[in-house]
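Trainee: Enclosed is the structure file target-v5.tsv (TSV, C-alpha atoms).
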chain	number	residue	atom	x	y	z
A	4	MET	CA	-16.28	72.77	192.33
A	5	LYS	CA	-16.20	69.32	193.96
A	6	ARG	CA	-16.91	66.23	191.88
A	7	LYS	CA	-20.26	64.64	192.67
A	8	ILE	CA	-21.04	61.20	194.08
A	9	ILE	CA	-24.53	59.77	194.54
A	10	ALA	CA	-25.00	57.33	197.41
A	11	TYR	CA	-28.15	55.23	196.96
A	12	ASN	CA	-29.45	53.06	199.83
A	13	PHE	CA	-25.99	53.27	201.40
A	14	VAL	CA	-26.59	52.57	205.08
A	15	LEU	CA	-23.16	53.13	206.62
A	16	ARG	CA	-22.75	56.79	205.78
A	17	GLU	CA	-19.72	57.13	208.02
A	18	VAL	CA	-17.74	55.06	205.50
A	19	LEU	CA	-18.06	57.93	203.02
A	20	ASP	CA	-17.21	60.71	205.49
A	21	PRO	CA	-13.47	60.70	204.59
A	22	LEU	CA	-14.42	61.60	201.01
A	23	LYS	CA	-16.29	64.79	201.83
A	24	ASP	CA	-13.21	67.02	201.50
A	25	ASP	CA	-12.80	66.06	197.86
A	26	TYR	CA	-16.31	65.13	196.74
A	27	GLU	CA	-19.87	66.37	197.01
A	28	ILE	CA	-21.96	63.45	198.22
A	29	GLU	CA	-25.75	63.27	197.95
A	30	PHE	CA	-27.65	60.52	199.73
A	31	PHE	CA	-30.92	59.03	198.51
A	32	GLU	CA	-32.91	56.28	200.22
A	33	ASN	CA	-35.97	54.31	199.17
A	34	ILE	CA	-37.02	56.60	196.35
A	35	ASN	CA	-38.25	55.82	192.86
A	36	PRO	CA	-35.22	56.84	190.79
A	37	GLN	CA	-37.37	57.27	187.69
A	38	THR	CA	-39.64	59.89	189.21
A	39	ALA	CA	-37.71	61.63	192.03
A	40	PRO	CA	-36.87	65.13	190.72
A	41	ALA	CA	-33.93	65.72	193.07
A	42	PHE	CA	-32.35	62.40	192.09
A	43	ILE	CA	-32.80	63.03	188.39
A	44	HIS	CA	-31.27	66.50	188.79
A	45	SER	CA	-28.33	65.07	190.72
A	46	LEU	CA	-27.58	62.59	187.97
A	47	LYS	CA	-26.65	65.39	185.56
A	48	ASN	CA	-23.29	66.00	187.24
A	49	ALA	CA	-22.70	62.68	189.01
A	50	GLU	CA	-19.37	60.99	188.21
A	51	GLY	CA	-19.85	58.10	190.63
A	52	ILE	CA	-22.72	56.14	192.13
A	53	ILE	CA	-22.31	53.89	195.16
A	54	GLY	CA	-24.98	51.83	196.87
A	55	LEU	CA	-27.46	49.01	196.72
A	56	ALA	CA	-30.16	47.88	194.28
A	57	LEU	CA	-30.25	50.94	192.03
A	58	PRO	CA	-31.46	49.89	188.56
A	59	VAL	CA	-28.83	51.24	186.16
A	60	ASP	CA	-30.17	50.95	182.63
A	61	ALA	CA	-30.03	52.93	179.39
A	62	GLU	CA	-32.68	55.35	180.64
A	63	LEU	CA	-30.70	56.23	183.75
A	64	LEU	CA	-27.44	56.42	181.84
A	65	ASP	CA	-29.02	58.93	179.46
A	66	LEU	CA	-29.53	61.19	182.46
A	67	ALA	CA	-25.94	60.80	183.72
A	68	PRO	CA	-23.59	61.94	180.94
A	69	LYS	CA	-20.59	62.39	183.29
A	70	LEU	CA	-20.90	59.03	185.02
A	71	LYS	CA	-17.66	57.04	185.26
A	72	ILE	CA	-18.40	54.25	187.75
A	73	VAL	CA	-21.21	52.49	189.60
A	74	ALA	CA	-19.95	50.78	192.76
A	75	ASN	CA	-22.53	48.17	193.73
A	76	ASN	CA	-22.50	47.52	197.48
A	77	SER	CA	-23.25	43.81	197.03
A	78	THR	CA	-21.86	40.65	195.50
A	79	GLY	CA	-24.68	40.51	192.96
A	80	TYR	CA	-25.10	43.04	190.18
A	81	ASN	CA	-28.23	41.94	188.34
A	82	ASN	CA	-29.52	45.50	188.85
A	83	LEU	CA	-26.84	46.75	186.43
A	84	SER	CA	-27.19	46.70	182.64
A	85	VAL	CA	-23.52	45.84	182.30
A	86	ASP	CA	-23.42	45.70	178.48
A	87	GLU	CA	-25.03	49.12	178.22
A	88	MET	CA	-22.64	50.53	180.80
A	89	THR	CA	-19.65	49.11	178.91
A	90	LYS	CA	-20.79	50.70	175.65
A	91	ARG	CA	-20.85	54.06	177.39
A	92	GLY	CA	-17.52	53.64	179.15
A	93	VAL	CA	-19.01	53.31	182.64
A	94	MET	CA	-17.29	50.93	185.05
A	95	ALA	CA	-19.35	48.44	187.07
A	96	THR	CA	-18.03	46.94	190.30
A	97	ASN	CA	-19.26	44.69	193.10
A	98	THR	CA	-18.05	43.44	196.51
A	99	PRO	CA	-17.27	39.72	196.28
A	100	GLY	CA	-15.42	37.57	198.79
A	101	VAL	CA	-16.87	39.27	201.86
A	102	LEU	CA	-20.30	37.90	202.70
A	103	GLU	CA	-20.10	34.18	201.91
A	104	GLY	CA	-19.72	32.86	205.45
A	105	THR	CA	-22.18	35.34	206.92
A	106	THR	CA	-24.84	34.54	204.33
A	107	ALA	CA	-24.32	30.80	204.73
A	108	ASP	CA	-24.88	31.19	208.49
A	109	ALA	CA	-28.19	32.97	207.83
A	110	ILE	CA	-29.45	30.52	205.22
A	111	PHE	CA	-28.55	27.46	207.26
A	112	GLY	CA	-30.14	29.23	210.21
A	113	ILE	CA	-33.53	29.58	208.52
A	114	LEU	CA	-33.25	25.98	207.33
A	115	LEU	CA	-32.88	24.92	210.97
A	116	ALA	CA	-35.67	27.26	212.03
A	117	ALA	CA	-38.08	25.74	209.51
A	118	ALA	CA	-37.13	22.14	210.28
A	119	ARG	CA	-37.35	22.54	214.08
A	120	ARG	CA	-40.31	24.97	213.87
A	121	ILE	CA	-38.46	27.51	216.00
A	122	PRO	CA	-40.57	30.60	215.12
A	123	GLU	CA	-43.77	28.63	215.71
A	124	MET	CA	-42.58	27.24	219.02
A	125	ASP	CA	-41.34	30.66	220.12
A	126	GLN	CA	-44.89	31.96	219.75
A	127	PHE	CA	-46.24	28.77	221.34
A	128	VAL	CA	-44.36	29.66	224.51
A	129	LYS	CA	-44.91	33.43	224.43
A	130	THR	CA	-48.67	33.16	223.91
A	131	GLY	CA	-49.13	30.83	226.87
A	132	GLN	CA	-50.00	27.70	224.90
A	133	TRP	CA	-47.26	25.64	226.55
A	134	GLN	CA	-49.33	24.09	229.31
A	135	HIS	CA	-48.24	20.44	229.12
A	136	TYR	CA	-45.73	18.09	227.55
A	137	LEU	CA	-45.38	18.45	223.80
A	138	THR	CA	-47.58	16.21	221.69
A	139	THR	CA	-47.08	14.98	218.13
A	140	GLU	CA	-48.74	18.20	216.93
A	141	GLN	CA	-45.65	20.13	218.03
A	142	PHE	CA	-43.06	17.66	216.79
A	143	ALA	CA	-40.57	18.83	214.15
A	144	LEU	CA	-38.03	17.32	211.73
A	145	ASP	CA	-34.45	16.21	212.26
A	146	VAL	CA	-31.72	17.90	210.23
A	147	HIS	CA	-28.70	15.73	211.04
A	148	HIS	CA	-27.99	12.82	208.69
A	149	LYS	CA	-30.57	14.08	206.18
A	150	THR	CA	-29.97	14.85	202.48
A	151	LEU	CA	-29.18	18.44	201.60
A	152	GLY	CA	-29.60	19.44	197.95
A	153	ILE	CA	-27.92	22.70	196.91
A	154	ILE	CA	-28.80	24.34	193.60
A	155	GLY	CA	-25.89	26.65	192.85
A	156	MET	CA	-22.62	25.44	194.35
A	157	GLY	CA	-20.74	28.72	194.24
A	158	LYS	CA	-18.91	30.24	197.20
A	159	ILE	CA	-22.00	30.60	199.37
A	160	GLY	CA	-23.35	27.22	198.31
A	161	SER	CA	-20.03	25.66	199.26
A	162	GLU	CA	-20.16	27.32	202.69
A	163	ILE	CA	-23.66	25.90	203.21
A	164	ALA	CA	-22.41	22.47	202.14
A	165	LYS	CA	-19.57	22.74	204.68
A	166	ARG	CA	-22.02	23.46	207.49
A	167	GLY	CA	-24.28	20.61	206.47
A	168	HIS	CA	-21.55	18.03	205.96
A	169	LEU	CA	-19.17	18.85	208.81
A	170	GLY	CA	-21.72	20.09	211.33
A	171	PHE	CA	-24.73	17.86	210.73
A	172	ASP	CA	-23.36	14.77	208.94
A	173	MET	CA	-25.64	15.48	206.00
A	174	ARG	CA	-25.43	13.84	202.60
A	175	ILE	CA	-24.68	16.64	200.12
A	176	LEU	CA	-26.13	16.73	196.60
A	177	TYR	CA	-25.62	19.66	194.28
A	178	HIS	CA	-26.57	20.98	190.86
A	179	ASN	CA	-24.47	23.64	189.15
A	180	ARG	CA	-23.57	24.92	185.69
A	181	THR	CA	-20.18	23.26	186.11
A	182	ARG	CA	-18.82	20.61	188.43
A	183	ASN	CA	-17.36	21.90	191.68
A	184	ILE	CA	-14.52	19.46	192.28
A	185	ALA	CA	-13.37	21.24	195.44
A	186	ALA	CA	-16.78	20.80	197.05
A	187	GLU	CA	-16.85	17.16	196.00
A	188	GLU	CA	-13.50	16.54	197.66
A	189	LYS	CA	-14.01	18.61	200.81
A	190	PHE	CA	-17.66	17.87	201.59
A	191	ASP	CA	-18.24	14.57	199.81
A	192	ALA	CA	-20.73	16.40	197.58
A	193	THR	CA	-22.24	14.57	194.62
A	194	TYR	CA	-23.27	16.22	191.37
A	195	TYR	CA	-26.82	15.44	190.18
A	196	ASP	CA	-29.14	16.67	187.48
A	197	LEU	CA	-31.79	19.02	188.82
A	198	ASP	CA	-34.69	16.58	188.70
A	199	THR	CA	-32.85	13.88	190.63
A	200	LEU	CA	-31.68	16.37	193.24
A	201	LEU	CA	-35.25	17.55	193.79
A	202	LYS	CA	-36.55	14.00	194.14
A	203	GLU	CA	-33.91	12.84	196.64
A	204	SER	CA	-33.33	15.88	198.88
A	205	ASP	CA	-34.87	16.44	202.30
A	206	PHE	CA	-33.86	20.09	202.10
A	207	VAL	CA	-33.56	21.96	198.80
A	208	VAL	CA	-31.52	25.17	199.03
A	209	LEU	CA	-31.58	27.54	196.04
A	210	MET	CA	-28.44	29.70	195.79
A	211	THR	CA	-28.15	30.59	192.09
A	212	PRO	CA	-27.60	34.12	190.77
A	213	LEU	CA	-30.54	35.70	188.95
A	214	THR	CA	-30.11	35.37	185.17
A	215	GLN	CA	-32.44	34.78	182.23
A	216	GLU	CA	-31.79	31.06	182.67
A	217	THR	CA	-32.53	30.98	186.40
A	218	GLU	CA	-35.61	33.21	186.51
A	219	HIS	CA	-38.48	31.03	187.82
A	220	LEU	CA	-36.09	28.09	187.96
A	221	MET	CA	-38.33	26.69	190.69
A	222	GLY	CA	-41.90	26.41	189.40
A	223	GLU	CA	-44.91	24.12	189.54
A	224	ARG	CA	-43.10	21.20	187.90
A	225	GLU	CA	-40.09	21.45	190.20
A	226	PHE	CA	-42.12	21.63	193.41
A	227	LYS	CA	-44.09	18.55	192.36
A	228	LEU	CA	-40.80	16.65	192.05
A	229	MET	CA	-39.84	17.36	195.66
A	230	LYS	CA	-40.61	15.01	198.53
A	231	GLN	CA	-43.79	15.75	200.44
A	232	SER	CA	-41.61	15.77	203.57
A	233	ALA	CA	-39.05	18.22	202.10
A	234	ILE	CA	-38.39	21.84	202.98
A	235	PHE	CA	-37.54	24.44	200.31
A	236	VAL	CA	-35.06	27.22	201.19
A	237	ASN	CA	-34.44	30.28	199.02
A	238	GLY	CA	-31.37	32.43	199.70
A	239	SER	CA	-30.71	33.51	196.11
A	240	ARG	CA	-33.07	36.09	194.57
A	241	GLY	CA	-36.85	36.29	194.73
A	242	LYS	CA	-37.38	36.00	191.00
A	243	THR	CA	-35.62	32.64	190.81
A	244	VAL	CA	-38.87	31.22	192.23
A	245	ASP	CA	-42.38	31.29	190.81
A	246	GLU	CA	-44.05	32.48	194.02
A	247	ALA	CA	-47.54	31.52	192.83
A	248	ALA	CA	-46.32	27.96	192.25
A	249	LEU	CA	-44.69	27.87	195.69
A	250	ILE	CA	-47.90	29.09	197.32
A	251	GLU	CA	-49.89	26.36	195.55
A	252	ALA	CA	-47.36	23.72	196.59
A	253	LEU	CA	-47.74	24.80	200.21
A	254	LYS	CA	-51.53	24.97	200.01
A	255	ASN	CA	-51.70	21.49	198.51
A	256	LYS	CA	-49.14	20.13	201.01
A	257	GLN	CA	-46.88	19.01	198.16
A	258	ILE	CA	-43.93	20.04	200.33
A	259	HIS	CA	-43.53	20.17	204.10
A	260	GLY	CA	-42.58	23.84	204.38
A	261	ALA	CA	-40.28	26.63	203.26
A	262	ALA	CA	-37.72	29.11	204.54
A	263	LEU	CA	-37.37	32.33	202.57
A	264	ASP	CA	-34.98	35.27	202.81
A	265	VAL	CA	-35.81	36.78	199.39
A	266	TYR	CA	-39.02	37.58	197.52
A	267	GLN	CA	-40.27	38.71	194.12
A	268	ILE	CA	-41.20	42.08	195.61
A	269	GLU	CA	-39.10	43.51	198.44
A	270	PRO	CA	-40.12	44.50	201.02
A	271	ILE	CA	-42.75	41.78	200.76
A	272	ASN	CA	-46.37	42.95	200.50
A	273	GLN	CA	-48.30	42.28	203.70
A	274	ASP	CA	-51.11	40.64	201.74
A	275	ASN	CA	-48.71	38.06	200.26
A	276	PRO	CA	-50.16	34.59	201.07
A	277	LEU	CA	-46.69	33.37	202.04
A	278	LEU	CA	-47.04	35.31	205.28
A	279	GLN	CA	-50.10	33.28	206.25
A	280	PHE	CA	-48.38	29.88	206.44
A	281	SER	CA	-47.18	28.82	209.87
A	282	ASN	CA	-44.78	26.37	208.17
A	283	VAL	CA	-42.97	29.12	206.25
A	284	VAL	CA	-40.10	30.98	207.90
A	285	THR	CA	-39.67	34.50	206.49
A	286	THR	CA	-36.71	36.83	207.03
A	287	PRO	CA	-36.10	40.29	205.48
A	288	HIS	CA	-33.22	39.60	203.05
A	289	LEU	CA	-30.82	39.51	205.98
A	290	GLY	CA	-28.19	37.22	204.42
A	291	SER	CA	-25.24	39.58	204.86
A	292	ALA	CA	-26.80	41.86	207.47
A	293	THR	CA	-24.25	41.81	210.26
A	294	PHE	CA	-22.37	44.94	211.18
A	295	GLU	CA	-18.99	43.34	210.54
A	296	THR	CA	-19.84	42.10	207.06
A	297	GLU	CA	-21.76	45.19	205.95
A	298	LEU	CA	-18.82	47.35	207.03
A	299	LYS	CA	-16.39	45.27	204.97
A	300	MET	CA	-18.68	45.48	201.95
A	301	ALA	CA	-19.12	49.23	202.29
A	302	GLU	CA	-15.37	49.77	202.57
A	303	LEU	CA	-14.73	47.61	199.51
A	304	ALA	CA	-17.40	49.49	197.54
A	305	ARG	CA	-15.69	52.75	198.54
A	306	GLU	CA	-12.33	51.38	197.42
A	307	ASN	CA	-13.79	50.46	194.04
A	308	LEU	CA	-15.41	53.87	193.70
A	309	ILE	CA	-12.30	55.89	194.49
A	310	ALA	CA	-10.13	53.80	192.18
A	311	GLY	CA	-12.53	54.36	189.30
A	312	LEU	CA	-12.82	58.09	189.91
A	313	SER	CA	-9.01	58.32	190.13
A	314	GLY	CA	-8.56	56.75	186.71
A	315	LYS	CA	-7.32	53.43	188.12
A	316	ARG	CA	-8.69	49.94	187.62
A	317	PRO	CA	-11.04	49.10	190.54
A	318	PRO	CA	-10.18	45.90	192.44
A	319	ASN	CA	-13.52	44.31	191.58
A	320	LEU	CA	-14.29	45.43	188.05
A	321	VAL	CA	-17.20	43.47	186.57
A	322	ASN	CA	-16.76	44.75	183.00
A	323	PRO	CA	-13.01	44.90	182.25
A	324	GLU	CA	-13.88	45.46	178.58
A	325	VAL	CA	-14.76	49.02	179.53
A	326	LEU	CA	-11.05	49.80	179.82
A	327	ASN	CA	-10.82	49.60	176.03
A	328	TYR	CA	-13.21	52.51	175.63
Output the file's structure as structure tokens, nothing else.

Mentor:
Amino acid sequence: MKRKIIAYNFVLREVLDPLKDDYEIEFFENINPQTAPAFIHSLKNAEGIIGLALPVDAELLDLAPKLKIVANNSTGYNNLSVDEMTKRGVMATNTPGVLEGTTADAIFGILLAAARRIPEMDQFVKTGQWQHYLTTEQFALDVHHKTLGIIGMGKIGSEIAKRGHLGFDMRILYHNRTRNIAAEEKFDATYYDLDTLLKESDFVVLMTPLTQETEHLMGEREFKLMKQSAIFVNGSRGKTVDEAALIEALKNKQIHGAALDVYQIEPINQDNPLLQFSNVVTTPHLGSATFETELKMAELARENLIAGLSGKRPPNLVNPEVLNY
């Protein structure tokens, strides 16, 4: 009997085709893993799980007694209860070092789109409203030589800083758990406390991972500290922002606008007030969504999976303590 692998929200199925001779692979997409009978039944014999955004907690692990590894097809792994997995001898892996440049392109892209009102002006042309020279009502904001504040100067944050500093002559401020000396040297970035960064930045880009400390990091108080002319950009995780507070800040014109790639609930509900603001650019969590990058991530996730199932240490093991079990 072949050993079983579950693939959850794994788009590039062809990446797993070479494994079919040695493994039984079951694919599941967009299901509720807590209530889907076929998924729950499949967990009983699954030795590996590969994919995106599957919540792996104690309840799921109880249903998967043979599980050896969960190969997350993403850099983040906040969907994994890593401590619980370690206790049970289950390896957790991710796919770092692949998507930084691609995601930085996307986040800087929506920053530009919000500042220059590109989605609005696209519709302005397509709906036949462009009948004369532009007036002040259609004017936008400059990006070059402005102040870019980055909250979370990790690898992606550093790539965003590079684009702002080298491409647009922007002044770079950043806030991070620790100083990023490399970013300071390469991009003339300056470390600031969060409040000062919010007060001085023309563009505030949030790029922190989702942790207990960063959940609702941006709330009512933080939006009130921002300039009225500033644009807020979120490329991290939806829950790092208090969406109700952001909506109020936009309603009250406390900030100029926003550009969002992530949301508290994904896909975003169509009745979410954020979709009603013409000064808010919204994209569907597309940070890493290019074919080239997604292929690299999928191949790395497969490499992690096969290593774990073969009794070897995966290249990107999140919980090395598990090797002691």

Trainee: Counting all atoms listed in the file, note down every residue that has an atom within 12 Å of the point (-46.1, 30.3, 188.5) (file coordinates), as a compact mmCIF listing (two decimals) with C-alpha atoms, in the frame of the given file.

Mentor:
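Final file, selection30.txt:
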# COMPACT_ATOMS: atom_id res chain seq x y z
CA GLU A 218 -35.61 33.21 186.51
CA HIS A 219 -38.48 31.03 187.82
CA LEU A 220 -36.09 28.09 187.96
CA MET A 221 -38.33 26.69 190.69
CA GLY A 222 -41.90 26.41 189.40
CA GLU A 223 -44.91 24.12 189.54
CA ARG A 224 -43.10 21.20 187.90
CA GLU A 225 -40.09 21.45 190.20
CA PHE A 226 -42.12 21.63 193.41
CA LYS A 242 -37.38 36.00 191.00
CA THR A 243 -35.62 32.64 190.81
CA VAL A 244 -38.87 31.22 192.23
CA ASP A 245 -42.38 31.29 190.81
CA GLU A 246 -44.05 32.48 194.02
CA ALA A 247 -47.54 31.52 192.83
CA ALA A 248 -46.32 27.96 192.25
CA LEU A 249 -44.69 27.87 195.69
CA ILE A 250 -47.90 29.09 197.32
CA GLU A 251 -49.89 26.36 195.55
CA ALA A 252 -47.36 23.72 196.59
CA GLN A 267 -40.27 38.71 194.12

Trainee: What's the separation between atom CA of A:Ala118 and atom CA of A:Leu144, in Å to one decimal place?

Mentor: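 Rounded to one decimal, the two atoms are 5.1 Å apart.
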
Trainee: Between atom CA of A:Asp198 and atom CA of A:Tyr177, measure the distance and give it in Å to one decimal.

Mentor: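 Separation of atom CA of A:Asp198 and atom CA of A:Tyr177: 11.1 Å.
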
Trainee: For atom CA of A:Arg120 and atom CA of A:Asn282, determine how far apart the two atoms are, in Å to one decimal place.

Mentor: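 According to the coordinates, atom CA of A:Arg120 and atom CA of A:Asn282 are separated by 7.4 Å.
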
Trainee: Determine the axis-aligned bounding box of all atoms of stretch 184-201 of chain A present in the file, pad each side by 4 Å, and express its centre and edge lengths in Å to one decimal place as lines of an AutoDock Vina configuration file.

Mentor:
center_x = -24.3
center_y = 17.6
center_z = 194.5
size_x = 29.9
size_y = 15.4
size_z = 22.1

Trainee: Return the single residue from A:Ile234, A:Ala292, A:Ala41, A:Val284 that is closest to A:Ile258, with distances computed using only C-alpha atoms.

Mentor: A:Ile234

Trainee: Leaving out A:Lys71 and any residue of its chain fewer than 2 positions from it, which residues lie within 12 Å of it when counting only C-alpha atoms, given as a count of residues only?

Mentor: 40

Trainee: For each of A:Arg305, A:Lys47, A:Lys299, A:Arg180, take the minimum atom-to-atom distance to A:Leu102, counting all atoms listed in the file, then give the residue where this is smallest.

Mentor: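 Closest to A:Leu102 of all the choices is A:Lys299.
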
Trainee: Could you check which residues have any atom within 9 Å of (-26.9, 46.8, 182.6), counting only C-alpha atoms with coordinates taken straight from the file, and then list them as an mmCIF file with C-alpha atoms, in the frame of the given file?

Mentor:
data_model
loop_
_atom_site.group_PDB
_atom_site.id
_atom_site.type_symbol
_atom_site.label_atom_id
_atom_site.label_comp_id
_atom_site.auth_asym_id
_atom_site.auth_seq_id
_atom_site.Cartn_x
_atom_site.Cartn_y
_atom_site.Cartn_z
ATOM 1 C CA PRO A 58 -31.460 49.890 188.560
ATOM 2 C CA VAL A 59 -28.830 51.240 186.160
ATOM 3 C CA ASP A 60 -30.170 50.950 182.630
ATOM 4 C CA ALA A 61 -30.030 52.930 179.390
ATOM 5 C CA TYR A 80 -25.100 43.040 190.180
ATOM 6 C CA ASN A 81 -28.230 41.940 188.340
ATOM 7 C CA ASN A 82 -29.520 45.500 188.850
ATOM 8 C CA LEU A 83 -26.840 46.750 186.430
ATOM 9 C CA SER A 84 -27.190 46.700 182.640
ATOM 10 C CA VAL A 85 -23.520 45.840 182.300
ATOM 11 C CA ASP A 86 -23.420 45.700 178.480
ATOM 12 C CA GLU A 87 -25.030 49.120 178.220
ATOM 13 C CA MET A 88 -22.640 50.530 180.800
ATOM 14 C CA THR A 89 -19.650 49.110 178.910
ATOM 15 C CA ALA A 95 -19.350 48.440 187.070
#

Trainee: With all atoms listed in the file as the atoms that count, which of A:Thr181, A:Leu15, A:Ile43, A:Ala143 lies nearest to A:Leu55?

Mentor: A:Leu15

Trainee: Can you pull out the residues contacting A:Phe235? Cut-off 6 Å, using all atoms listed in the file, and skip same-chain residues under 6 positions away; I want them as a list in words.

Mentor: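 Counting only the stated atoms, we get Phe206, Val207 and Ala261 of chain A.
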
Trainee: Do you know which residues are at most 10 Å from A:Thr98 counting all atoms listed in the file, after dropping those on the same chain fewer than 2 positions away, and could you put them as a PyMOL selection string?

Mentor: chain A and resi 74-80+96+100-102+299-307+318-321

Trainee: Would you pick out the contacts of A:Lys165 at 9 Å or less, using all atoms listed in the file, so that residues sharing its chain but fewer than 3 positions from it are not included, and give the list as a PyMOL selection string?

Mentor: chain A and resi 160-162+168-170+186+189-190

Trainee: Go ahead and write the residues just picked, C-alpha atoms, as a PDB file, keeping the file's coordinate frame.

Mentor:
ATOM      1  CA  GLY A 160     -23.350  27.220 198.310  1.00  0.00           C
ATOM      2  CA  SER A 161     -20.030  25.660 199.260  1.00  0.00           C
ATOM      3  CA  GLU A 162     -20.160  27.320 202.690  1.00  0.00           C
ATOM      4  CA  HIS A 168     -21.550  18.030 205.960  1.00  0.00           C
ATOM      5  CA  LEU A 169     -19.170  18.850 208.810  1.00  0.00           C
ATOM      6  CA  GLY A 170     -21.720  20.090 211.330  1.00  0.00           C
ATOM      7  CA  ALA A 186     -16.780  20.800 197.050  1.00  0.00           C
ATOM      8  CA  LYS A 189     -14.010  18.610 200.810  1.00  0.00           C
ATOM      9  CA  PHE A 190     -17.660  17.870 201.590  1.00  0.00           C
TER      10      PHE A 190
END

Trainee: Reconstruct N, CA and C atoms of stretch 174-194 of chain A from the incomplete input and present them as a compact mmCIF listing (two decimals), in the coordinates of the input.

Mentor:
# COMPACT_ATOMS: atom_id res chain seq x y z
N ARG A 174 -25.81 14.24 203.95
CA ARG A 174 -25.43 13.84 202.60
C ARG A 174 -25.65 15.05 201.70
N ILE A 175 -24.62 15.42 200.92
CA ILE A 175 -24.68 16.64 200.12
C ILE A 175 -24.84 16.30 198.63
N LEU A 176 -25.93 16.78 198.04
CA LEU A 176 -26.13 16.73 196.60
C LEU A 176 -26.06 18.15 196.07
N TYR A 177 -25.63 18.30 194.82
CA TYR A 177 -25.62 19.66 194.28
C TYR A 177 -25.86 19.64 192.78
N HIS A 178 -26.39 20.76 192.29
CA HIS A 178 -26.57 20.98 190.86
C HIS A 178 -25.98 22.34 190.54
N ASN A 179 -25.19 22.42 189.48
CA ASN A 179 -24.47 23.64 189.15
C ASN A 179 -24.23 23.67 187.65
N ARG A 180 -23.90 24.84 187.11
CA ARG A 180 -23.57 24.92 185.69
C ARG A 180 -22.34 24.09 185.36
N THR A 181 -21.40 24.05 186.29
CA THR A 181 -20.18 23.26 186.11
C THR A 181 -19.91 22.48 187.38
N ARG A 182 -19.16 21.41 187.26
CA ARG A 182 -18.82 20.61 188.43
C ARG A 182 -17.93 21.41 189.38
N ASN A 183 -18.17 21.26 190.66
CA ASN A 183 -17.36 21.90 191.68
C ASN A 183 -16.53 20.80 192.35
N ILE A 184 -15.36 20.57 191.80
CA ILE A 184 -14.52 19.46 192.28
C ILE A 184 -14.06 19.69 193.71
N ALA A 185 -13.80 20.94 194.07
CA ALA A 185 -13.37 21.24 195.44
C ALA A 185 -14.44 20.85 196.45
N ALA A 186 -15.69 21.17 196.14
CA ALA A 186 -16.78 20.80 197.05
C ALA A 186 -16.95 19.29 197.13
N GLU A 187 -16.73 18.62 196.01
CA GLU A 187 -16.85 17.16 196.00
C GLU A 187 -15.79 16.53 196.90
N GLU A 188 -14.58 17.10 196.86
CA GLU A 188 -13.50 16.54 197.66
C GLU A 188 -13.61 16.90 199.14
N LYS A 189 -13.99 18.14 199.42
CA LYS A 189 -14.01 18.61 200.81
C LYS A 189 -15.24 18.14 201.58
N PHE A 190 -16.40 18.10 200.89
CA PHE A 190 -17.66 17.87 201.59
C PHE A 190 -18.38 16.63 201.09
N ASP A 191 -17.65 15.80 200.33
CA ASP A 191 -18.24 14.57 199.81
C ASP A 191 -19.53 14.86 199.05
N ALA A 192 -19.55 16.00 198.34
CA ALA A 192 -20.73 16.40 197.58
C ALA A 192 -20.80 15.62 196.27
N THR A 193 -22.03 15.33 195.85
CA THR A 193 -22.24 14.57 194.62
C THR A 193 -23.05 15.39 193.63
N TYR A 194 -22.56 15.46 192.40
CA TYR A 194 -23.27 16.22 191.37
C TYR A 194 -24.45 15.41 190.84
